[in-house]
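K.L.:
Contents of target-v4.cif (mmCIF, C-alpha atoms and all ligand atoms):
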```cif
data_protein
#
loop_
_atom_site.label_atom_id
_atom_site.label_comp_id
_atom_site.auth_asym_id
_atom_site.auth_seq_id
_atom_site.Cartn_x
_atom_site.Cartn_y
_atom_site.Cartn_z
CA MET A 121 -60.24 6.16 19.08
CA ARG A 122 -58.45 7.52 16.01
CA THR A 123 -60.45 8.03 12.82
CA PRO A 124 -58.84 6.22 9.89
CA VAL A 125 -57.78 8.43 6.98
CA VAL A 126 -57.23 7.36 3.39
CA ALA A 127 -55.72 10.03 1.16
CA GLY A 128 -55.06 9.73 -2.56
CA ASN A 129 -51.96 11.48 -3.87
CA TRP A 130 -52.49 11.80 -7.60
CA LYS A 131 -49.01 13.30 -8.06
CA MET A 132 -48.52 14.84 -11.53
CA ASN A 133 -51.13 12.74 -13.29
CA GLY A 134 -54.44 13.32 -15.03
CA THR A 135 -56.32 15.31 -17.64
CA LYS A 136 -59.69 17.02 -17.34
CA ALA A 137 -61.22 13.91 -18.88
CA THR A 138 -59.51 11.33 -16.64
CA VAL A 139 -60.16 13.46 -13.55
CA ALA A 140 -63.87 13.58 -14.45
CA THR A 141 -64.03 9.81 -14.87
CA LEU A 142 -62.15 9.16 -11.64
CA LEU A 143 -64.33 11.54 -9.61
CA GLN A 144 -67.53 10.05 -11.02
CA GLY A 145 -66.26 6.61 -10.07
CA LEU A 146 -65.45 7.71 -6.52
CA LYS A 147 -68.70 9.63 -6.03
CA HIS A 148 -70.87 6.77 -7.12
CA GLY A 149 -68.83 3.85 -5.86
CA LEU A 150 -67.65 4.88 -2.40
CA GLN A 151 -69.95 3.62 0.35
CA PRO A 152 -70.00 5.58 3.58
CA GLY A 153 -67.54 4.11 6.07
CA ARG A 154 -65.57 5.03 9.15
CA ALA A 155 -62.57 6.41 7.25
CA ASN A 156 -62.09 10.03 6.22
CA VAL A 157 -61.41 9.90 2.48
CA LEU A 158 -59.69 12.62 0.50
CA VAL A 159 -57.90 13.16 -2.79
CA CYS A 160 -54.90 15.46 -3.32
CA ALA A 161 -55.05 16.73 -6.88
CA PRO A 162 -52.65 18.75 -9.04
CA PHE A 163 -53.36 22.50 -8.68
CA PRO A 164 -55.03 23.02 -12.10
CA TYR A 165 -57.70 20.43 -11.29
CA LEU A 166 -58.67 21.74 -7.84
CA SER A 167 -61.54 23.78 -9.25
CA GLN A 168 -62.92 20.75 -11.07
CA VAL A 169 -62.48 18.58 -7.99
CA ALA A 170 -64.22 21.18 -5.79
CA ASP A 171 -67.17 21.36 -8.19
CA GLU A 172 -67.53 17.59 -8.32
CA LEU A 173 -66.94 16.74 -4.67
CA SER A 174 -68.66 19.54 -2.77
CA GLY A 175 -71.64 18.13 -0.95
CA THR A 176 -70.11 14.63 -0.88
CA ALA A 177 -68.29 12.98 2.02
CA ILE A 178 -65.00 13.06 0.08
CA GLN A 179 -62.61 15.90 0.93
CA TRP A 180 -59.82 17.23 -1.26
CA GLY A 181 -56.45 18.85 -0.90
CA ALA A 182 -53.16 19.80 -2.55
CA GLN A 183 -49.75 18.18 -2.78
CA ASN A 184 -47.62 21.19 -1.87
CA VAL A 185 -47.94 24.89 -1.02
CA SER A 186 -45.79 27.98 -0.59
CA GLU A 187 -44.69 29.02 2.88
CA HIS A 188 -45.42 32.64 1.89
CA PRO A 189 -48.88 34.27 2.01
CA SER A 190 -48.64 36.22 -1.28
CA GLY A 191 -46.29 38.28 -3.39
CA ALA A 192 -43.47 37.96 -5.88
CA TYR A 193 -43.00 34.18 -5.85
CA THR A 194 -43.36 33.19 -9.49
CA GLY A 195 -44.84 29.75 -9.97
CA GLU A 196 -45.91 29.31 -6.35
CA VAL A 197 -49.37 28.72 -4.85
CA SER A 198 -50.44 30.11 -1.46
CA VAL A 199 -52.50 28.54 1.30
CA GLY A 200 -55.13 31.26 0.76
CA MET A 201 -55.54 30.09 -2.82
CA LEU A 202 -56.03 26.51 -1.65
CA GLU A 203 -58.60 27.74 0.86
CA ASP A 204 -60.38 29.54 -1.97
CA PHE A 205 -60.83 26.18 -3.69
CA GLY A 206 -62.11 24.43 -0.58
CA CYS A 207 -59.03 22.35 0.18
CA SER A 208 -59.05 20.71 3.60
CA HIS A 209 -55.56 19.14 3.55
CA VAL A 210 -52.08 19.74 2.11
CA ILE A 211 -49.38 17.11 1.71
CA LEU A 212 -46.04 18.46 2.95
CA GLY A 213 -42.51 17.15 2.81
CA HIS A 214 -43.22 14.33 0.38
CA SER A 215 -39.98 12.51 -0.41
CA GLU A 216 -40.30 13.51 -4.07
CA ARG A 217 -40.29 17.17 -3.01
CA ARG A 218 -37.39 16.57 -0.64
CA ALA A 219 -35.29 14.62 -3.16
CA LEU A 220 -36.19 16.28 -6.49
CA TYR A 221 -36.82 19.88 -5.39
CA GLY A 222 -34.45 20.16 -2.45
CA GLU A 223 -37.07 20.86 0.21
CA GLN A 224 -35.41 20.97 3.60
CA ASP A 225 -36.86 20.42 7.05
CA ASP A 226 -36.88 24.13 7.91
CA VAL A 227 -38.94 25.10 4.84
CA ILE A 228 -41.29 22.19 5.42
CA ALA A 229 -41.80 23.40 9.00
CA GLU A 230 -42.64 26.91 7.72
CA LYS A 231 -45.15 25.44 5.26
CA PHE A 232 -46.65 23.36 8.07
CA CYS A 233 -47.24 26.49 10.16
CA ALA A 234 -48.70 28.41 7.20
CA VAL A 235 -51.14 25.59 6.46
CA GLN A 236 -52.29 25.35 10.07
CA ALA A 237 -52.60 29.09 10.46
CA ALA A 238 -55.17 29.02 7.66
CA GLY A 239 -57.08 26.21 9.34
CA LEU A 240 -56.12 23.53 6.83
CA THR A 241 -54.67 20.19 7.89
CA PRO A 242 -51.08 19.35 6.94
CA ILE A 243 -50.21 15.78 6.04
CA LEU A 244 -46.53 15.65 7.00
CA CYS A 245 -44.53 12.95 5.19
CA VAL A 246 -41.42 11.33 6.62
CA GLY A 247 -39.42 8.39 5.34
CA GLU A 248 -35.98 6.89 4.86
CA THR A 249 -34.13 5.86 1.70
CA LEU A 250 -32.96 2.30 1.13
CA GLU A 251 -29.37 3.32 1.92
CA GLN A 252 -30.47 4.86 5.21
CA ARG A 253 -32.47 1.74 6.11
CA GLU A 254 -29.55 -0.53 5.31
CA ALA A 255 -27.28 1.66 7.41
CA GLY A 256 -29.65 1.22 10.37
CA ALA A 257 -30.58 4.92 10.31
CA THR A 258 -34.34 4.60 9.72
CA MET A 259 -35.48 5.79 13.15
CA SER A 260 -33.02 8.65 13.40
CA VAL A 261 -33.96 9.90 9.91
CA VAL A 262 -37.73 9.86 10.43
CA GLU A 263 -37.48 11.27 13.96
CA GLN A 264 -35.35 14.15 12.72
CA GLN A 265 -37.85 14.92 9.95
CA LEU A 266 -40.71 14.83 12.45
CA MET A 267 -39.04 16.78 15.24
CA ALA A 268 -37.91 19.58 12.90
CA VAL A 269 -41.60 20.37 12.51
CA VAL A 270 -42.59 19.71 16.14
CA ASN A 271 -39.78 21.95 17.40
CA ARG A 272 -40.97 24.77 15.15
CA ALA A 273 -44.76 24.36 15.46
CA GLY A 274 -45.03 22.97 19.00
CA ILE A 275 -46.28 19.56 20.09
CA THR A 276 -49.94 20.62 20.37
CA ALA A 277 -49.88 21.52 16.66
CA MET A 278 -49.82 17.77 16.03
CA THR A 279 -53.43 17.54 17.25
CA LYS A 280 -54.42 19.26 14.00
CA ALA A 281 -52.15 17.35 11.65
CA VAL A 282 -51.77 13.97 10.01
CA LEU A 283 -48.43 12.16 9.81
CA ALA A 284 -47.52 9.83 6.95
CA TYR A 285 -44.67 7.32 7.03
CA GLU A 286 -43.53 6.69 3.47
CA PRO A 287 -40.34 4.64 3.11
CA VAL A 288 -38.74 6.01 -0.05
CA TRP A 289 -37.78 2.52 -1.21
CA ALA A 290 -41.45 1.48 -1.20
CA ILE A 291 -42.81 4.42 -3.23
CA GLY A 292 -43.87 3.49 -6.74
CA THR A 293 -41.69 0.39 -6.63
CA GLY A 294 -44.33 -2.24 -5.94
CA LYS A 295 -42.18 -3.14 -2.91
CA THR A 296 -44.42 -2.54 0.11
CA ALA A 297 -43.03 -2.45 3.61
CA SER A 298 -44.24 -5.52 5.46
CA PRO A 299 -46.89 -4.81 8.10
CA GLU A 300 -44.21 -5.57 10.74
CA GLN A 301 -41.69 -3.14 9.21
CA ALA A 302 -44.31 -0.39 8.92
CA GLN A 303 -45.76 -0.97 12.40
CA GLU A 304 -42.28 -0.81 13.94
CA VAL A 305 -41.67 2.67 12.52
CA HIS A 306 -45.20 3.93 13.25
CA GLN A 307 -44.90 2.77 16.84
CA ALA A 308 -41.49 4.46 17.18
CA LEU A 309 -42.84 7.74 15.76
CA ARG A 310 -45.76 7.66 18.18
CA ALA A 311 -43.42 6.82 21.09
CA ARG A 312 -41.19 9.75 20.16
CA LEU A 313 -44.17 12.11 20.27
CA ALA A 314 -45.39 10.54 23.51
CA ARG A 315 -42.14 11.72 25.13
CA GLU A 316 -43.43 15.24 24.42
CA ASP A 317 -47.15 14.64 25.11
CA GLY A 318 -48.85 11.27 25.50
CA ALA A 319 -52.35 12.45 24.66
CA VAL A 320 -51.21 14.18 21.48
CA ALA A 321 -49.28 11.07 20.40
CA ASP A 322 -52.30 8.91 21.07
CA SER A 323 -54.69 11.07 19.04
CA LEU A 324 -52.47 11.49 15.96
CA SER A 325 -53.38 9.58 12.79
CA ILE A 326 -50.24 8.06 11.25
CA LEU A 327 -50.74 6.87 7.66
CA TYR A 328 -48.58 4.40 5.80
CA GLY A 329 -47.66 5.13 2.17
CA GLY A 330 -45.68 3.11 -0.35
CA SER A 331 -47.19 0.70 -2.88
CA VAL A 332 -50.46 0.29 -0.98
CA LYS A 333 -52.97 -1.66 -3.07
CA ALA A 334 -56.35 -3.22 -2.51
CA SER A 335 -54.58 -6.54 -2.04
CA ASN A 336 -52.29 -5.44 0.82
CA ALA A 337 -54.25 -2.60 2.47
CA ALA A 338 -56.18 -4.67 5.00
CA GLU A 339 -53.11 -6.29 6.60
CA LEU A 340 -51.33 -2.94 6.85
CA PHE A 341 -54.37 -1.15 8.31
CA ALA A 342 -54.85 -3.95 10.86
CA CYS A 343 -51.61 -2.89 12.62
CA PRO A 344 -52.31 -1.01 15.85
CA ASP A 345 -50.35 2.14 14.95
CA ILE A 346 -51.31 2.33 11.26
CA ASP A 347 -54.33 4.60 10.94
CA GLY A 348 -54.85 4.55 7.19
CA GLY A 349 -52.88 5.18 4.04
CA LEU A 350 -51.43 7.74 1.66
CA ILE A 351 -51.99 6.18 -1.73
CA GLY A 352 -50.14 7.06 -4.94
CA GLY A 353 -50.59 4.95 -8.06
CA ALA A 354 -53.58 2.98 -6.77
CA SER A 355 -55.52 6.22 -6.12
CA LEU A 356 -55.77 6.84 -9.86
CA ASP A 357 -58.08 3.84 -10.25
CA ALA A 358 -61.52 4.39 -8.68
CA GLU A 359 -62.25 0.73 -8.03
CA GLU A 360 -58.84 0.08 -6.48
CA PHE A 361 -58.96 3.24 -4.35
CA ILE A 362 -62.49 2.46 -3.12
CA ALA A 363 -61.38 -1.04 -2.10
CA ILE A 364 -58.50 0.50 -0.13
CA CYS A 365 -60.91 2.93 1.59
CA GLN A 366 -63.15 0.02 2.52
CA ALA A 367 -60.20 -1.85 3.99
CA ALA A 368 -59.73 1.11 6.35
CA GLY A 369 -63.25 0.68 7.71
P1 LIG B 1 -47.31 4.69 -4.47
O1 LIG B 1 -48.59 4.28 -3.77
O2 LIG B 1 -47.49 4.88 -5.96
O3 LIG B 1 -46.17 3.79 -4.11
O4 LIG B 1 -46.94 6.15 -3.92
C1 LIG B 1 -46.97 6.37 -2.55
C2 LIG B 1 -46.84 7.83 -2.33
O5 LIG B 1 -45.82 8.43 -2.60
C3 LIG B 1 -48.02 8.54 -1.81
O6 LIG B 1 -47.70 9.83 -1.42
#
```
Step by step, read the file and then write its structure as structure tokens.

P.N.:
Amino acid sequence: MRTPVVAGNWKMNGTKATVATLLQGLKHGLQPGRANVLVCAPFPYLSQVADELSGTAIQWGAQNVSEHPSGAYTGEVSVGMLEDFGCSHVILGHSERRALYGEQDDVIAEKFCAVQAAGLTPILCVGETLEQREAGATMSVVEQQLMAVVNRAGITAMTKAVLAYEPVWAIGTGKTASPEQAQEVHQALRARLAREDGAVADSLSILYGGSVKASNAAELFACPDIDGGLIGGASLDAEEFIAICQAAG
């Protein structure tokens, strides 16, 4: 039985004041449920998030990390630093990092290994663009993104990871993949991993991300291979995010 996961990706949003309001809303409004709930905050707010959320059931993480442990990497943040602030998870390979900052599969695989070596859980994102979908390349694109990491880290590494399928065309567009479209890709990703190791494939939580809202979360999460969500815009609103968490159980 896989534990559902609902992760908020705040992206580059917030101020000290809005973060405080959001965290208060989550702390007081979220009822204990079956799902693991976490928020991935911008680096400068991790200290504030750690102060507010320690001792609660809500975990927190980051949206990116360096593949290097320390040194002359101006502007970068190491896994050790994230550990210092109590992060449990790190989002890796988000399509915005791939498209806007040129992150390639090999660097993402290095980051994945660095995160796991420190005992944190990577949330590996994969997803196709609209052009790739229309060209019938969805499965080959997401499988390549996934297997670049599996080939580097090994299949058993996936027992300590979370996978997120985020079709690029559904991110921030209000255009959600239908439950059938999402389930088809989730099932294919799990089947691809099952060719390497059935038990690992079966235990892996695969989240859907892309315009998830309180109004569409339940039908997505009801699909057999969708184990929760990676939530962008809707995670900035406590009431909306809580409703999504409740839809996950
Ligand atoms: P939206 O929920 O805003 O579409 O963003 C999804 C996402 O990119 C989460 O990582």

K.L.:
What lies within 10 Å of segment 253-259 of chain A using all atoms listed in the file, ignoring chain neighbours under 2 positions off, as a VMD selection string?

P.N.:
chain A and resid 247 to 251 261 to 265 287 to 289 304 to 306 308 to 309 312

K.L.:
Collect all residues with atoms no farther than 9 Å from ligand LIG 1 (chain B), counting all atoms listed in the file, and output them as number ranges by chain.

P.N.:
A: 127-131, 183, 211, 214-216, 245, 284, 286-296, 328-333, 349-355

K.L.:
What does the distance from atom CA of Gly195 of chain A to atom CA of Gly181 of chain A come to in Å, to one decimal?

P.N.:
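It comes out at 18.3 Å.
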
K.L.:
Here is a test: counting all atoms listed in the file, which residue of A:Leu202, A:Ala321, A:Cys207, A:Ile364 is nearest to Phe341 of chain A?

P.N.:
A:Ile364

K.L.:
Which is closest to Glu360 of chain A among A:Ala137, A:Val199, A:Leu146, A:Leu324, if we use all atoms listed in the file?

P.N.:
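Answer, going by the shortest atom-to-atom distance: A:Leu146.
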
K.L.:
Leaving out segment 267-273 of chain A and any residue of its chain fewer than 6 positions from it, which residues lie within 8 Å of it when counting all atoms listed in the file, given as a VMD selection string?

P.N.:
chain A and resid 225 to 226 228 to 230 232 to 233

K.L.:
Would you compute the distance between atom CA of Gly149 of chain A and atom CA of Pro299 of chain A? Give it in Å to one decimal.

P.N.:
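Atom CA of Pro299 of chain A lies at a distance of 27.4 Å from atom CA of Gly149 of chain A.
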
K.L.:
In terms of the shortest atom-to-atom distance over all atoms listed in the file, which of A:Asn184, A:Tyr285, A:Gly239, A:Val139 is closest to Tyr221 of chain A?

P.N.:
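Going through A:Asn184, A:Tyr285, A:Gly239, A:Val139 one by one, the smallest distance to Tyr221 of chain A is for A:Asn184.
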
K.L.:
Can you tell me, as a PyMOL selection string, what residues are no more than 9 Å from Val197 of chain A when counting only C-alpha atoms, ignoring any on the same chain fewer than 2 positions away?

P.N.:
chain A and resi 163+184-186+188-190+193-195+199-202

K.L.:
One decimal, in Å: what's the spacing between atom CA of Glu316 of chain A and atom CA of Ile275 of chain A?

P.N.:
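Computing it gives 6.7 Å between the two atoms.
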
K.L.:
List as a PDB file with C-alpha atoms, in the coordinates of the input the protein and nucleic acid residues near Trp180 of chain A, meaning an atom at most 8 Å away when only C-alpha atoms are counted, but skip any in the same chain fewer than 3 places from it.

P.N.:
```pdb
ATOM      1  CA  LEU A 158     -59.690  12.620   0.500  1.00  0.00           C
ATOM      2  CA  VAL A 159     -57.900  13.160  -2.790  1.00  0.00           C
ATOM      3  CA  CYS A 160     -54.900  15.460  -3.320  1.00  0.00           C
ATOM      4  CA  ALA A 161     -55.050  16.730  -6.880  1.00  0.00           C
ATOM      5  CA  VAL A 169     -62.480  18.580  -7.990  1.00  0.00           C
ATOM      6  CA  ALA A 170     -64.220  21.180  -5.790  1.00  0.00           C
ATOM      7  CA  LEU A 173     -66.940  16.740  -4.670  1.00  0.00           C
ATOM      8  CA  GLY A 206     -62.110  24.430  -0.580  1.00  0.00           C
ATOM      9  CA  CYS A 207     -59.030  22.350   0.180  1.00  0.00           C
ATOM     10  CA  SER A 208     -59.050  20.710   3.600  1.00  0.00           C
ATOM     11  CA  HIS A 209     -55.560  19.140   3.550  1.00  0.00           C
TER      12      HIS A 209
END
```

K.L.:
Give the centre and edge lengths of an axis-aligned box, in Å to one decimal, that holds all listed atoms of segment 201-214 of chain A with 5 Å on each side, as AutoDock Vina command-line options.

P.N.:
```
--center_x -52.3 --center_y 22.2 --center_z 0.0 --size_x 29.6 --size_y 25.8 --size_z 17.3
```

K.L.:
Any idea what's packed within 10 Å of His148 of chain A, counting only C-alpha atoms, ignoring anything in its chain fewer than 4 positions away? Could you give it as number ranges by chain?

P.N.:
A: 143-144, 358

K.L.:
Just C-alpha atoms for this one: save the residues we selected as a compact mmCIF listing (two decimals), keeping the file's coordinate frame.

P.N.:
```txt
# COMPACT_ATOMS: atom_id res chain seq x y z
CA LEU A 143 -64.33 11.54 -9.61
CA GLN A 144 -67.53 10.05 -11.02
CA ALA A 358 -61.52 4.39 -8.68
```

K.L.:
Measuring atom to atom with only C-alpha atoms, identify which of A:Leu142, A:Ala155, A:Ala277, A:Ala297 is nearest to Gln168 of chain A.

P.N.:
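Result for the nearest residue to Gln168 of chain A: A:Leu142.
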
K.L.:
Return the single residue from A:Val235, A:Ala338, A:Ala182, A:Leu313 that is closest to Ile326 of chain A, with distances computed using all atoms listed in the file.

P.N.:
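Smallest separation from Ile326 of chain A among the options: A:Leu313.
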
K.L.:
Identify which of the residues A:Cys365, A:Leu283, A:Leu327, A:Ala237 lies closest to Val157 of chain A, counting all atoms listed in the file when measuring atom-to-atom distances.

P.N.:
A:Cys365

K.L.:
Would you be able to write out as a count of residues only which residues have an atom within 8 Å of (-59.4, 8.3, 18.3) in the file's coordinates, counting all atoms listed in the file?

P.N.:
6

K.L.:
Complete segment 131-153 of chain A at the level of N, CA, C and O atoms, written as a PDB file, in the frame of the given file.

P.N.:
```pdb
ATOM      1  N   LYS A 131     -50.301  12.831  -7.515  1.00  0.00           N
ATOM      2  CA  LYS A 131     -49.010  13.300  -8.060  1.00  0.00           C
ATOM      3  C   LYS A 131     -49.261  14.074  -9.358  1.00  0.00           C
ATOM      4  O   LYS A 131     -50.305  14.724  -9.485  1.00  0.00           O
ATOM      5  N   MET A 132     -48.335  14.029 -10.316  1.00  0.00           N
ATOM      6  CA  MET A 132     -48.520  14.840 -11.530  1.00  0.00           C
ATOM      7  C   MET A 132     -49.169  13.988 -12.621  1.00  0.00           C
ATOM      8  O   MET A 132     -48.547  13.652 -13.638  1.00  0.00           O
ATOM      9  N   ASN A 133     -50.410  13.599 -12.365  1.00  0.00           N
ATOM     10  CA  ASN A 133     -51.130  12.740 -13.290  1.00  0.00           C
ATOM     11  C   ASN A 133     -52.524  13.295 -13.538  1.00  0.00           C
ATOM     12  O   ASN A 133     -53.112  13.915 -12.662  1.00  0.00           O
ATOM     13  N   GLY A 134     -53.050  13.016 -14.721  1.00  0.00           N
ATOM     14  CA  GLY A 134     -54.440  13.320 -15.030  1.00  0.00           C
ATOM     15  C   GLY A 134     -54.628  14.323 -16.139  1.00  0.00           C
ATOM     16  O   GLY A 134     -53.700  15.054 -16.515  1.00  0.00           O
ATOM     17  N   THR A 135     -55.833  14.307 -16.679  1.00  0.00           N
ATOM     18  CA  THR A 135     -56.320  15.310 -17.640  1.00  0.00           C
ATOM     19  C   THR A 135     -57.714  15.663 -17.158  1.00  0.00           C
ATOM     20  O   THR A 135     -58.259  14.974 -16.283  1.00  0.00           O
ATOM     21  N   LYS A 136     -58.321  16.693 -17.742  1.00  0.00           N
ATOM     22  CA  LYS A 136     -59.690  17.020 -17.340  1.00  0.00           C
ATOM     23  C   LYS A 136     -60.590  15.798 -17.494  1.00  0.00           C
ATOM     24  O   LYS A 136     -61.449  15.515 -16.666  1.00  0.00           O
ATOM     25  N   ALA A 137     -60.354  15.066 -18.585  1.00  0.00           N
ATOM     26  CA  ALA A 137     -61.220  13.910 -18.880  1.00  0.00           C
ATOM     27  C   ALA A 137     -61.003  12.766 -17.879  1.00  0.00           C
ATOM     28  O   ALA A 137     -61.971  12.205 -17.360  1.00  0.00           O
ATOM     29  N   THR A 138     -59.734  12.451 -17.575  1.00  0.00           N
ATOM     30  CA  THR A 138     -59.510  11.330 -16.640  1.00  0.00           C
ATOM     31  C   THR A 138     -59.908  11.714 -15.220  1.00  0.00           C
ATOM     32  O   THR A 138     -60.404  10.878 -14.458  1.00  0.00           O
ATOM     33  N   VAL A 139     -59.742  13.002 -14.878  1.00  0.00           N
ATOM     34  CA  VAL A 139     -60.160  13.460 -13.550  1.00  0.00           C
ATOM     35  C   VAL A 139     -61.682  13.324 -13.417  1.00  0.00           C
ATOM     36  O   VAL A 139     -62.201  12.855 -12.393  1.00  0.00           O
ATOM     37  N   ALA A 140     -62.399  13.695 -14.480  1.00  0.00           N
ATOM     38  CA  ALA A 140     -63.870  13.580 -14.450  1.00  0.00           C
ATOM     39  C   ALA A 140     -64.294  12.135 -14.248  1.00  0.00           C
ATOM     40  O   ALA A 140     -65.166  11.837 -13.423  1.00  0.00           O
ATOM     41  N   THR A 141     -63.662  11.229 -14.972  1.00  0.00           N
ATOM     42  CA  THR A 141     -64.030   9.810 -14.870  1.00  0.00           C
ATOM     43  C   THR A 141     -63.715   9.279 -13.469  1.00  0.00           C
ATOM     44  O   THR A 141     -64.529   8.573 -12.856  1.00  0.00           O
ATOM     45  N   LEU A 142     -62.558   9.627 -12.962  1.00  0.00           N
ATOM     46  CA  LEU A 142     -62.150   9.160 -11.640  1.00  0.00           C
ATOM     47  C   LEU A 142     -63.102   9.676 -10.563  1.00  0.00           C
ATOM     48  O   LEU A 142     -63.554   8.917  -9.688  1.00  0.00           O
ATOM     49  N   LEU A 143     -63.441  10.961 -10.633  1.00  0.00           N
ATOM     50  CA  LEU A 143     -64.330  11.540  -9.610  1.00  0.00           C
ATOM     51  C   LEU A 143     -65.722  10.927  -9.679  1.00  0.00           C
ATOM     52  O   LEU A 143     -66.345  10.668  -8.641  1.00  0.00           O
ATOM     53  N   GLN A 144     -66.214  10.700 -10.884  1.00  0.00           N
ATOM     54  CA  GLN A 144     -67.530  10.050 -11.020  1.00  0.00           C
ATOM     55  C   GLN A 144     -67.486   8.671 -10.366  1.00  0.00           C
ATOM     56  O   GLN A 144     -68.407   8.270  -9.656  1.00  0.00           O
ATOM     57  N   GLY A 145     -66.409   7.950 -10.636  1.00  0.00           N
ATOM     58  CA  GLY A 145     -66.260   6.610 -10.070  1.00  0.00           C
ATOM     59  C   GLY A 145     -66.246   6.642  -8.543  1.00  0.00           C
ATOM     60  O   GLY A 145     -66.881   5.816  -7.878  1.00  0.00           O
ATOM     61  N   LEU A 146     -65.535   7.613  -7.987  1.00  0.00           N
ATOM     62  CA  LEU A 146     -65.450   7.710  -6.520  1.00  0.00           C
ATOM     63  C   LEU A 146     -66.796   8.123  -5.925  1.00  0.00           C
ATOM     64  O   LEU A 146     -67.265   7.555  -4.934  1.00  0.00           O
ATOM     65  N   LYS A 147     -67.422   9.115  -6.556  1.00  0.00           N
ATOM     66  CA  LYS A 147     -68.700   9.630  -6.030  1.00  0.00           C
ATOM     67  C   LYS A 147     -69.766   8.546  -5.996  1.00  0.00           C
ATOM     68  O   LYS A 147     -70.546   8.451  -5.058  1.00  0.00           O
ATOM     69  N   HIS A 148     -69.794   7.755  -7.032  1.00  0.00           N
ATOM     70  CA  HIS A 148     -70.870   6.770  -7.120  1.00  0.00           C
ATOM     71  C   HIS A 148     -70.508   5.432  -6.485  1.00  0.00           C
ATOM     72  O   HIS A 148     -71.390   4.680  -6.102  1.00  0.00           O
ATOM     73  N   GLY A 149     -69.212   5.170  -6.355  1.00  0.00           N
ATOM     74  CA  GLY A 149     -68.830   3.850  -5.860  1.00  0.00           C
ATOM     75  C   GLY A 149     -68.506   3.785  -4.377  1.00  0.00           C
ATOM     76  O   GLY A 149     -68.592   2.721  -3.758  1.00  0.00           O
ATOM     77  N   LEU A 150     -68.120   4.921  -3.789  1.00  0.00           N
ATOM     78  CA  LEU A 150     -67.650   4.880  -2.400  1.00  0.00           C
ATOM     79  C   LEU A 150     -68.826   4.820  -1.429  1.00  0.00           C
ATOM     80  O   LEU A 150     -69.659   5.729  -1.397  1.00  0.00           O
ATOM     81  N   GLN A 151     -68.881   3.760  -0.659  1.00  0.00           N
ATOM     82  CA  GLN A 151     -69.950   3.620   0.350  1.00  0.00           C
ATOM     83  C   GLN A 151     -69.485   4.318   1.618  1.00  0.00           C
ATOM     84  O   GLN A 151     -68.299   4.285   1.939  1.00  0.00           O
ATOM     85  N   PRO A 152     -70.416   4.931   2.343  1.00  0.00           N
ATOM     86  CA  PRO A 152     -70.000   5.580   3.580  1.00  0.00           C
ATOM     87  C   PRO A 152     -69.366   4.576   4.541  1.00  0.00           C
ATOM     88  O   PRO A 152     -69.856   3.448   4.674  1.00  0.00           O
ATOM     89  N   GLY A 153     -68.244   4.988   5.123  1.00  0.00           N
ATOM     90  CA  GLY A 153     -67.540   4.110   6.070  1.00  0.00           C
ATOM     91  C   GLY A 153     -67.006   4.944   7.208  1.00  0.00           C
ATOM     92  O   GLY A 153     -67.325   6.121   7.329  1.00  0.00           O
TER      93      GLY A 153
END
```
